[in-house]
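Coordinates from data-v4.cif are shown below (mmCIF, C-alpha atoms).
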```cif
data_query
loop_
_atom_site.label_atom_id
_atom_site.label_comp_id
_atom_site.auth_asym_id
_atom_site.auth_seq_id
_atom_site.Cartn_x
_atom_site.Cartn_y
_atom_site.Cartn_z
CA MET A 30 -22.19 -43.00 21.55
CA LYS A 31 -23.35 -39.69 20.13
CA LYS A 32 -21.10 -37.83 22.56
CA ALA A 33 -18.10 -39.93 21.53
CA ILE A 34 -18.73 -39.20 17.84
CA LEU A 35 -19.07 -35.50 18.64
CA ALA A 36 -15.78 -35.59 20.51
CA ILE A 37 -14.01 -37.16 17.53
CA VAL A 38 -15.49 -34.61 15.10
CA LEU A 39 -14.55 -31.66 17.34
CA ALA A 40 -11.02 -32.97 17.77
CA ALA A 41 -10.64 -33.31 14.01
CA MET A 42 -11.98 -29.77 13.46
CA ALA A 43 -9.45 -28.48 15.95
CA GLY A 44 -6.67 -30.09 13.90
CA MET A 45 -5.60 -32.34 16.76
CA PRO A 46 -5.21 -36.12 17.06
CA VAL A 47 -8.23 -37.96 18.38
CA PRO A 48 -7.49 -39.00 21.97
CA PRO A 49 -8.00 -42.59 23.07
CA SER A 50 -11.32 -43.63 24.52
CA GLY A 51 -11.87 -42.90 28.18
CA GLY A 52 -11.88 -39.16 28.63
CA ALA A 53 -11.95 -38.58 24.87
CA GLU A 54 -15.10 -36.50 25.04
CA ASN A 55 -13.80 -34.10 27.67
CA ALA A 56 -10.39 -33.69 26.05
CA ALA A 57 -11.88 -32.96 22.63
CA MET A 58 -14.44 -30.56 24.07
CA GLU A 59 -11.73 -28.69 25.97
CA ARG A 60 -9.61 -28.32 22.83
CA ALA A 61 -12.54 -27.15 20.77
CA ALA A 62 -13.57 -24.73 23.50
CA SER A 63 -10.02 -23.37 23.62
CA LEU A 64 -10.03 -22.78 19.86
CA GLN A 65 -13.44 -21.16 20.05
CA ALA A 66 -12.23 -18.90 22.85
CA ALA A 67 -9.32 -17.80 20.67
CA PHE A 68 -11.68 -16.80 17.86
CA ILE A 69 -13.91 -14.92 20.29
CA GLU A 70 -10.89 -13.11 21.72
CA VAL A 71 -9.73 -12.04 18.25
CA ALA A 72 -13.21 -10.75 17.44
CA GLY A 73 -13.36 -8.81 20.68
CA ASN A 74 -9.85 -7.37 20.48
CA VAL A 75 -9.52 -6.60 16.76
CA GLY A 76 -13.12 -6.13 15.63
CA PRO A 77 -13.35 -2.64 17.18
CA ALA A 78 -10.29 -1.61 15.10
CA VAL A 79 -11.83 -2.55 11.73
CA VAL A 80 -13.74 0.28 10.06
CA ALA A 81 -15.98 0.85 7.07
CA VAL A 82 -14.47 3.16 4.45
CA TYR A 83 -16.85 4.96 2.09
CA ASN A 84 -15.43 6.22 -1.19
CA ILE A 85 -17.62 9.15 -2.23
CA GLN A 86 -17.48 10.41 -5.80
CA LYS A 87 -19.37 13.42 -7.03
CA ALA A 88 -21.97 12.62 -9.66
CA ARG A 89 -20.67 13.89 -12.96
CA VAL A 90 -22.73 14.66 -16.05
CA MET A 91 -20.97 15.52 -19.28
CA GLY A 92 -21.62 19.10 -20.36
CA TYR A 93 -22.61 20.08 -23.88
CA VAL A 94 -21.48 22.87 -26.18
CA LEU A 95 -23.50 26.08 -26.24
CA ARG A 96 -21.30 27.67 -28.83
CA PRO A 97 -17.68 27.15 -29.92
CA GLY A 98 -15.27 27.70 -27.03
CA ARG A 99 -17.94 27.69 -24.31
CA TYR A 100 -19.32 24.73 -22.35
CA PHE A 101 -22.38 24.53 -20.17
CA ASP A 102 -21.77 22.78 -16.82
CA LEU A 103 -24.80 20.52 -16.72
CA ASP A 104 -23.62 18.88 -13.50
CA GLU A 105 -23.60 22.20 -11.62
CA PHE A 106 -26.95 23.20 -13.15
CA LEU A 107 -28.61 19.99 -11.93
CA ARG A 108 -27.13 20.42 -8.48
CA GLN A 109 -28.78 23.84 -8.20
CA TYR A 110 -32.25 22.71 -9.14
CA GLU A 111 -32.53 19.06 -8.17
CA SER A 112 -30.77 16.44 -6.14
CA VAL A 113 -27.96 14.58 -7.86
CA PRO A 114 -26.84 11.74 -5.57
CA ASP A 115 -23.16 11.12 -5.01
CA ARG A 116 -21.82 7.68 -5.81
CA ARG A 117 -20.76 5.73 -2.73
CA SER A 118 -18.78 2.53 -2.64
CA ILE A 119 -17.63 0.72 0.47
CA GLY A 120 -14.43 -0.95 1.55
CA SER A 121 -12.72 -1.70 4.82
CA GLY A 122 -9.75 -0.47 6.78
CA VAL A 123 -7.89 -1.29 9.97
CA ILE A 124 -6.82 1.23 12.61
CA ILE A 125 -3.07 0.96 13.15
CA ALA A 126 -2.52 3.85 15.58
CA PRO A 127 -4.70 5.28 18.40
CA ASP A 128 -4.42 8.79 16.92
CA GLY A 129 -6.47 7.93 13.84
CA TYR A 130 -4.22 6.33 11.22
CA ILE A 131 -6.02 3.67 9.17
CA LEU A 132 -4.45 1.22 6.72
CA THR A 133 -6.44 0.20 3.64
CA ASN A 134 -6.07 -0.54 -0.08
CA GLU A 135 -5.22 2.21 -2.54
CA HIS A 136 -7.98 0.93 -4.82
CA VAL A 137 -10.52 1.56 -2.02
CA VAL A 138 -9.79 5.32 -1.83
CA GLY A 139 -7.66 6.15 -4.87
CA ASN A 140 -10.31 8.00 -6.91
CA ALA A 141 -12.39 9.40 -4.03
CA ASP A 142 -13.63 13.00 -3.93
CA ALA A 143 -14.40 12.52 -0.25
CA ILE A 144 -14.00 9.75 2.32
CA GLU A 145 -16.25 8.82 5.21
CA VAL A 146 -15.06 6.44 7.91
CA VAL A 147 -17.57 4.63 10.14
CA LEU A 148 -16.26 3.04 13.33
CA PRO A 149 -17.82 -0.13 14.77
CA ASP A 150 -19.29 1.96 17.60
CA GLY A 151 -21.25 3.97 15.02
CA ARG A 152 -19.17 7.15 15.06
CA LYS A 153 -18.58 8.78 11.67
CA PHE A 154 -15.55 10.81 10.60
CA ASN A 155 -14.41 12.61 7.50
CA GLY A 156 -11.28 10.87 6.33
CA LYS A 157 -8.29 12.33 4.55
CA VAL A 158 -5.78 10.34 2.52
CA ALA A 159 -2.46 10.86 4.25
CA GLY A 160 -0.65 8.94 1.52
CA LYS A 161 -1.24 6.32 -1.13
CA ASP A 162 0.87 4.11 -3.35
CA ARG A 163 -0.62 2.50 -6.43
CA ARG A 164 2.10 -0.11 -6.96
CA SER A 165 1.73 -1.70 -3.54
CA ASP A 166 -2.04 -0.99 -3.50
CA MET A 167 -1.62 0.51 -0.04
CA ALA A 168 -3.05 3.72 1.39
CA VAL A 169 -3.22 5.38 4.80
CA ILE A 170 -6.26 7.41 5.89
CA LYS A 171 -6.18 9.90 8.78
CA ILE A 172 -9.22 10.78 10.87
CA ASP A 173 -9.39 13.41 13.61
CA ALA A 174 -9.71 11.13 16.62
CA THR A 175 -7.63 9.88 19.55
CA GLY A 176 -7.73 6.94 21.94
CA LEU A 177 -8.82 4.53 19.22
CA PRO A 178 -8.34 0.75 19.44
CA ALA A 179 -5.47 -0.28 17.16
CA ALA A 180 -4.56 -3.66 15.68
CA ALA A 181 -1.05 -5.07 16.02
CA LEU A 182 0.90 -5.71 12.83
CA GLY A 183 2.42 -9.18 12.69
CA ASP A 184 5.15 -10.78 10.59
CA SER A 185 3.95 -12.15 7.26
CA ASP A 186 7.33 -13.79 6.60
CA SER A 187 6.53 -16.28 9.37
CA VAL A 188 3.14 -17.28 7.92
CA LYS A 189 2.77 -20.98 7.06
CA THR A 190 0.35 -22.76 4.75
CA GLY A 191 -2.33 -24.46 6.81
CA GLN A 192 -2.40 -22.04 9.74
CA TRP A 193 -5.65 -20.41 10.77
CA ALA A 194 -6.64 -17.24 8.93
CA ILE A 195 -9.28 -14.77 10.13
CA ALA A 196 -10.73 -12.05 7.90
CA ILE A 197 -12.61 -9.06 9.29
CA GLY A 198 -14.34 -6.46 7.11
CA ASN A 199 -17.55 -5.12 5.66
CA PRO A 200 -18.76 -7.47 2.89
CA PHE A 201 -21.57 -6.23 0.65
CA GLY A 202 -22.04 -3.08 2.70
CA ILE A 203 -24.17 -4.77 5.36
CA VAL A 204 -22.53 -2.35 7.77
CA GLU A 205 -25.25 0.07 6.62
CA GLU A 206 -27.62 -1.76 8.96
CA ASN A 207 -25.14 -2.43 11.75
CA PRO A 208 -21.68 -0.81 11.99
CA MET A 209 -20.06 -3.91 13.49
CA PRO A 210 -17.77 -5.66 10.95
CA THR A 211 -18.07 -9.29 9.85
CA MET A 212 -15.60 -12.00 10.85
CA THR A 213 -14.92 -15.12 8.77
CA VAL A 214 -12.50 -17.97 9.45
CA GLY A 215 -10.46 -20.28 7.24
CA VAL A 216 -6.85 -21.25 6.70
CA VAL A 217 -3.89 -19.95 4.77
CA SER A 218 -4.40 -21.95 1.57
CA ALA A 219 -1.10 -21.08 -0.13
CA LEU A 220 1.73 -18.57 -0.17
CA HIS A 221 3.56 -16.58 -2.85
CA ARG A 222 0.58 -16.46 -5.21
CA LYS A 223 0.33 -13.94 -8.03
CA LEU A 224 -2.62 -12.70 -10.02
CA GLY A 225 -2.32 -12.97 -13.80
CA ALA A 226 0.67 -11.02 -14.97
CA ALA A 227 1.13 -9.88 -11.33
CA ASN A 228 0.75 -6.28 -12.48
CA VAL A 229 -2.79 -4.99 -12.85
CA GLY A 230 -3.35 -1.32 -13.60
CA GLY A 231 0.09 -0.41 -12.31
CA ARG A 232 -0.48 -2.37 -9.09
CA TYR A 233 1.81 -5.25 -8.17
CA TYR A 234 -0.15 -8.35 -7.18
CA GLY A 235 2.61 -10.86 -6.69
CA ASP A 236 3.73 -12.80 -3.60
CA LEU A 237 0.21 -12.83 -2.14
CA ILE A 238 -1.25 -14.84 0.73
CA GLN A 239 -4.11 -17.07 -0.45
CA THR A 240 -6.91 -17.92 1.97
CA ASP A 241 -10.26 -19.69 1.96
CA ALA A 242 -11.64 -17.40 4.69
CA ALA A 243 -14.70 -15.82 3.08
CA ILE A 244 -13.78 -12.53 1.37
CA ASN A 245 -16.38 -10.61 -0.62
CA PRO A 246 -16.78 -7.16 -2.20
CA GLY A 247 -16.44 -4.68 0.65
CA ASN A 248 -13.75 -6.71 2.44
CA SER A 249 -10.97 -4.95 0.50
CA GLY A 250 -8.66 -3.07 2.85
CA GLY A 251 -9.63 -5.13 5.89
CA PRO A 252 -7.15 -7.26 7.82
CA LEU A 253 -6.28 -10.93 7.54
CA LEU A 254 -5.28 -12.09 11.03
CA ASN A 255 -3.53 -14.97 12.70
CA LEU A 256 -4.88 -16.70 15.80
CA LYS A 257 -3.07 -14.17 18.00
CA GLY A 258 -5.06 -11.36 16.41
CA GLU A 259 -2.03 -9.93 14.60
CA VAL A 260 -2.47 -8.52 11.11
CA ILE A 261 -0.66 -10.75 8.64
CA GLY A 262 -2.17 -9.30 5.45
CA ILE A 263 -4.56 -6.80 3.92
CA ASN A 264 -7.42 -8.47 2.03
CA SER A 265 -7.36 -7.22 -1.54
CA ALA A 266 -8.75 -9.57 -4.18
CA ILE A 267 -10.75 -12.69 -4.94
CA ILE A 268 -11.07 -15.10 -7.85
CA SER A 269 -14.71 -15.85 -8.55
CA PRO A 270 -16.86 -16.56 -11.60
CA SER A 271 -19.77 -14.77 -9.91
CA GLY A 272 -17.95 -11.87 -8.26
CA ALA A 273 -18.72 -13.26 -4.80
CA TYR A 274 -16.98 -15.69 -2.45
CA ALA A 275 -15.75 -18.84 -4.17
CA GLY A 276 -13.15 -19.98 -1.67
CA ILE A 277 -10.14 -18.20 -3.20
CA GLY A 278 -9.15 -14.87 -1.69
CA PHE A 279 -5.87 -13.00 -1.56
CA ALA A 280 -4.19 -10.69 0.92
CA ILE A 281 -1.17 -8.45 0.49
CA PRO A 282 1.46 -9.55 3.05
CA VAL A 283 1.62 -7.07 5.91
CA ASN A 284 5.41 -6.84 5.69
CA ARG A 285 4.99 -5.22 2.28
CA ALA A 286 2.60 -2.72 3.83
CA LYS A 287 5.05 -2.05 6.67
CA SER A 288 7.81 -1.31 4.17
CA VAL A 289 5.88 1.70 2.83
CA LEU A 290 3.89 2.65 5.93
CA GLU A 291 6.04 5.51 7.24
CA HIS A 292 6.21 7.09 3.79
CA LEU A 293 2.43 6.94 3.48
CA LYS A 294 1.79 8.38 6.95
CA LYS A 295 3.98 11.36 6.05
CA GLY A 296 2.48 11.75 2.58
CA LYS A 297 5.79 10.98 0.88
CA GLU A 298 6.10 9.30 -2.48
CA VAL A 299 7.28 5.71 -2.23
CA GLU A 300 10.46 5.16 -4.23
CA TYR A 301 11.14 1.64 -5.44
CA GLY A 302 14.55 0.23 -6.09
CA TRP A 303 15.77 -0.25 -9.66
CA LEU A 304 18.51 -2.47 -11.02
CA GLY A 305 18.09 -2.03 -14.77
CA VAL A 306 17.73 -5.60 -15.97
CA GLY A 307 15.13 -7.47 -17.97
CA VAL A 308 14.66 -10.96 -16.58
CA GLN A 309 12.61 -14.06 -17.20
CA SER A 310 11.89 -17.16 -15.19
CA LEU A 311 13.55 -20.45 -16.01
CA ASP A 312 12.08 -23.73 -17.20
CA ARG A 313 13.77 -27.11 -17.46
CA ASN A 314 15.08 -26.51 -20.97
CA LEU A 315 16.66 -23.17 -20.05
CA ALA A 316 18.09 -24.65 -16.87
CA ALA A 317 19.76 -27.40 -18.88
CA GLU A 318 21.07 -24.91 -21.47
CA PHE A 319 22.64 -22.69 -18.82
CA LYS A 320 23.98 -25.63 -16.81
CA ILE A 321 21.80 -24.96 -13.77
CA PRO A 322 20.97 -27.84 -11.43
CA ASP A 323 17.34 -26.75 -11.05
CA ALA A 324 14.93 -24.22 -12.55
CA SER A 325 15.11 -21.63 -9.77
CA GLY A 326 16.49 -18.17 -10.47
CA ALA A 327 15.99 -15.20 -12.78
CA LEU A 328 17.66 -15.24 -16.19
CA VAL A 329 19.01 -11.85 -17.30
CA VAL A 330 17.91 -11.18 -20.89
CA THR A 331 18.70 -7.45 -21.12
CA VAL A 332 20.88 -4.97 -19.25
CA VAL A 333 20.02 -1.28 -19.51
CA GLY A 334 22.99 0.91 -20.42
CA GLN A 335 24.32 3.15 -17.63
CA SER A 336 22.09 1.35 -15.12
CA PRO A 337 23.09 0.06 -11.68
CA ALA A 338 23.22 -3.44 -13.18
CA ALA A 339 25.61 -2.32 -15.93
CA ALA A 340 27.80 -0.53 -13.39
CA ALA A 341 27.94 -3.67 -11.24
CA GLY A 342 29.01 -5.85 -14.17
CA ILE A 343 25.86 -7.95 -14.57
CA GLU A 344 25.72 -9.56 -18.02
CA VAL A 345 23.07 -11.01 -20.31
CA GLY A 346 22.92 -14.75 -19.64
CA ASP A 347 23.60 -14.41 -15.92
CA VAL A 348 21.20 -16.31 -13.68
CA ILE A 349 20.53 -14.49 -10.41
CA ARG A 350 19.92 -17.09 -7.68
CA GLU A 351 20.11 -14.95 -4.54
CA CYS A 352 19.52 -11.30 -3.75
CA GLY A 353 20.54 -9.85 -0.41
CA GLY A 354 20.79 -13.36 1.04
CA ARG A 355 17.26 -14.34 -0.05
CA PRO A 356 16.81 -17.16 -2.57
CA ILE A 357 15.35 -16.10 -5.92
CA MET A 358 12.90 -18.61 -7.33
CA ASP A 359 11.79 -16.75 -10.45
CA ALA A 360 11.70 -13.38 -12.21
CA ASP A 361 8.90 -12.03 -10.01
CA GLY A 362 10.87 -12.94 -6.91
CA LEU A 363 13.82 -10.84 -8.07
CA MET A 364 11.66 -7.85 -8.96
CA GLU A 365 10.00 -8.10 -5.55
CA GLU A 366 13.36 -8.01 -3.76
CA ILE A 367 14.76 -5.18 -5.87
CA GLY A 368 11.52 -3.21 -5.62
CA ARG A 369 11.49 -3.14 -1.85
CA ALA A 370 15.18 -2.26 -1.51
CA GLN A 371 15.91 1.40 -0.82
CA ALA A 372 17.69 3.47 -3.44
CA GLY A 373 21.36 3.75 -2.56
CA SER A 374 21.47 0.49 -0.61
CA ALA A 375 23.92 -2.27 -1.46
CA LEU A 376 22.81 -5.77 -2.44
CA ARG A 377 24.95 -8.84 -2.90
CA LEU A 378 23.77 -11.07 -5.74
CA LYS A 379 24.62 -14.72 -6.10
CA VAL A 380 24.94 -15.36 -9.84
CA LEU A 381 25.56 -18.38 -12.02
CA ARG A 382 27.63 -17.45 -15.06
CA GLY A 383 28.75 -20.17 -17.46
CA GLY A 384 27.91 -22.79 -14.86
CA LYS A 385 30.12 -21.14 -12.22
CA GLU A 386 28.88 -19.38 -9.08
CA ILE A 387 30.04 -15.80 -8.52
CA PHE A 388 28.98 -12.93 -6.26
CA ILE A 389 28.25 -9.42 -7.53
CA ASP A 390 27.74 -6.35 -5.35
CA ALA A 391 25.26 -3.88 -6.83
CA THR A 392 24.03 -0.50 -5.61
CA VAL A 393 20.28 -0.11 -5.97
CA GLY A 394 19.18 2.95 -7.94
CA ARG A 395 15.93 4.83 -8.49
CA LYS A 396 13.71 3.98 -11.45
CA GLY A 397 15.32 5.35 -14.61
CA GLU A 398 18.37 6.67 -12.78
CA ARG A 399 21.52 6.70 -14.88
CA VAL A 400 24.86 5.65 -13.48
CA ALA A 401 28.06 6.91 -15.04
#
```

Take the structure in the file and write it out as structure tokens.
Amino acid sequence: MKKAILAIVLAAMAGMPVPPSGGAENAAMERAASLQAAFIEVAGNVGPAVVAVYNIQKARVMGYVLRPGRYFDLDEFLRQYESVPDRRSIGSGVIIAPDGYILTNEHVVGNADAIEVVLPDGRKFNGKVAGKDRRSDMAVIKIDATGLPAAALGDSDSVKTGQWAIAIGNPFGIVEENPMPTMTVGVVSALHRKLGAANVGGRYYGDLIQTDAAINPGNSGGPLLNLKGEVIGINSAIISPSGAYAGIGFAIPVNRAKSVLEHLKKGKEVEYGWLGVGVQSLDRNLAAEFKIPDASGALVVTVVGQSPAAAAGIEVGDVIRECGGRPIMDADGLMEEIGRAQAGSALRLKVLRGGKEIFIDATVGRKGERVA
């Protein structure tokens, strides 16, 4: 009886229907063992590619005035005569190329004076920021190493709510005792989430993957994986009243990282597309006023003069429902699509104007670029 109950529980945990009695125990055990084997394989294949990233900042002490026009460098004085410890904070990163390129969050390394990378096998390297982009919160670190294990980047556009989600990283800096990263398992809880105003400190936190896989301080920059071991996101934020795991974590979709990856590896500035419109999301009242069958789309409330939008003939009161063939659900969705389009590229917009559907072809510009 106990074995039968165990079989039912294991089958339920595996997300599969409970088989009929008579062989139920073996079938459920086999399915659970198969799932467990998949987790073990991910840990073995991807774990060695997840590193600890130490952000090292020089201790700074404010100097004081000796006399007008001259300042005494107290920080340098203390360094000469006594030990002033550097400040070290820890995050995570994932190796994406055997020759030492590591993907992480910009907020993990953005203000670092020096970077130290610790591999799961215990080796330590000085890291150098090859490139970083504050808006996407993405950065690439380069270390002087070859033959490294690298994780495969998946397709975040194919991610579904309810699928397994695996997070690997270095929560709470426990890597200090053992360089092997920590693996936690959950599901994709929701898609297309945004944090607050979706723009925090110049970083865009919209269209995120939500997961209940345990993510804690130190996990930032580590990968969120599917059951194949492919990177589907970069763990970046949590919502928690205590600052620790509360079941709500967020990852930046890996496709957004891929869109800026080559620029970052080459140290190039990432240029985001610009249309030159101010937009707002719709509600039921606005949808009724503008004769729209539902509340999806972005309502144009301003058009910047001499902008790509003005040149294309976009008008205040237009409701943009599609951009480049992708449906636009709200204002953030439009800004996401425009932002990842390359300057100079053409986009076809499906627009509702006065209740009628029209198509407008616009050429994406650079932020602030004027069009005659």

(request) List the residues sitting within 12 Å of (2.7, 8.2, 5.9) in the file's frame, using only C-alpha atoms, as a PyMOL selection string. (result) chain A and resi 125-126+130-132+157-162+167-171+286-299

Exercise: Ala72 (chain A) partners within 12 Å, all atoms listed in the file, chain neighbours under 3 positions left out, as a CSV table (one decimal) with C-alpha atoms, keeping the file's coordinate frame:
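New file part.csv:
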```
chain,number,residue,atom,x,y,z
A,65,GLN,CA,-13.4,-21.2,20.0
A,66,ALA,CA,-12.2,-18.9,22.8
A,67,ALA,CA,-9.3,-17.8,20.7
A,68,PHE,CA,-11.7,-16.8,17.9
A,69,ILE,CA,-13.9,-14.9,20.3
A,75,VAL,CA,-9.5,-6.6,16.8
A,76,GLY,CA,-13.1,-6.1,15.6
A,77,PRO,CA,-13.4,-2.6,17.2
A,78,ALA,CA,-10.3,-1.6,15.1
A,79,VAL,CA,-11.8,-2.6,11.7
A,149,PRO,CA,-17.8,-0.1,14.8
A,180,ALA,CA,-4.6,-3.7,15.7
A,195,ILE,CA,-9.3,-14.8,10.1
A,196,ALA,CA,-10.7,-12.0,7.9
A,197,ILE,CA,-12.6,-9.1,9.3
A,198,GLY,CA,-14.3,-6.5,7.1
A,209,MET,CA,-20.1,-3.9,13.5
A,210,PRO,CA,-17.8,-5.7,11.0
A,211,THR,CA,-18.1,-9.3,9.8
A,212,MET,CA,-15.6,-12.0,10.8
A,213,THR,CA,-14.9,-15.1,8.8
A,214,VAL,CA,-12.5,-18.0,9.4
A,252,PRO,CA,-7.2,-7.3,7.8
A,254,LEU,CA,-5.3,-12.1,11.0
A,255,ASN,CA,-3.5,-15.0,12.7
A,256,LEU,CA,-4.9,-16.7,15.8
A,257,LYS,CA,-3.1,-14.2,18.0
A,258,GLY,CA,-5.1,-11.4,16.4
A,259,GLU,CA,-2.0,-9.9,14.6
```

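Using all atoms listed in the file, the shortest contact distance between Glu205 (chain A) and any of A:Leu363, A:Gly73, A:Val329, A:Gly151 is found at A:Gly151.
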
(request) Check the smallest atom-to-atom distance from each of A:Asn74, A:Ser165, A:Ser269, A:Ser249 to Tyr234 (chain A) using all atoms listed in the file, then report the winner. (result) A:Ser165

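You can rank A:Gly235, A:Gly247, A:Gly215, A:Pro270 by their closest distance to Gly122 (chain A) using only C-alpha atoms, and at the top of that list sits A:Gly247.
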
Proximity check region 208-307 of chain A to region 134-143 of chain A, 10 Å, nearest pairs one decimal Å, all atoms listed in the file, as CSV:
```
residue,atom,partner,partner_atom,distance
A:Arg232,CA,A:His136,CA,9.2
A:Gly247,CA,A:Val137,CA,9.0
A:Asn248,CA,A:Val137,CA,9.9
A:Ser249,CA,A:Asn134,CA,6.6
A:Gly250,CA,A:Asn134,CA,4.7
A:Gly251,CA,A:Asn134,CA,8.3
A:Ile263,CA,A:Asn134,CA,7.6
A:Asn264,CA,A:Asn134,CA,8.3
A:Ser265,CA,A:Asn134,CA,7.0
A:Ile281,CA,A:Asn134,CA,9.3
A:Ala286,CA,A:Asn134,CA,9.8
```
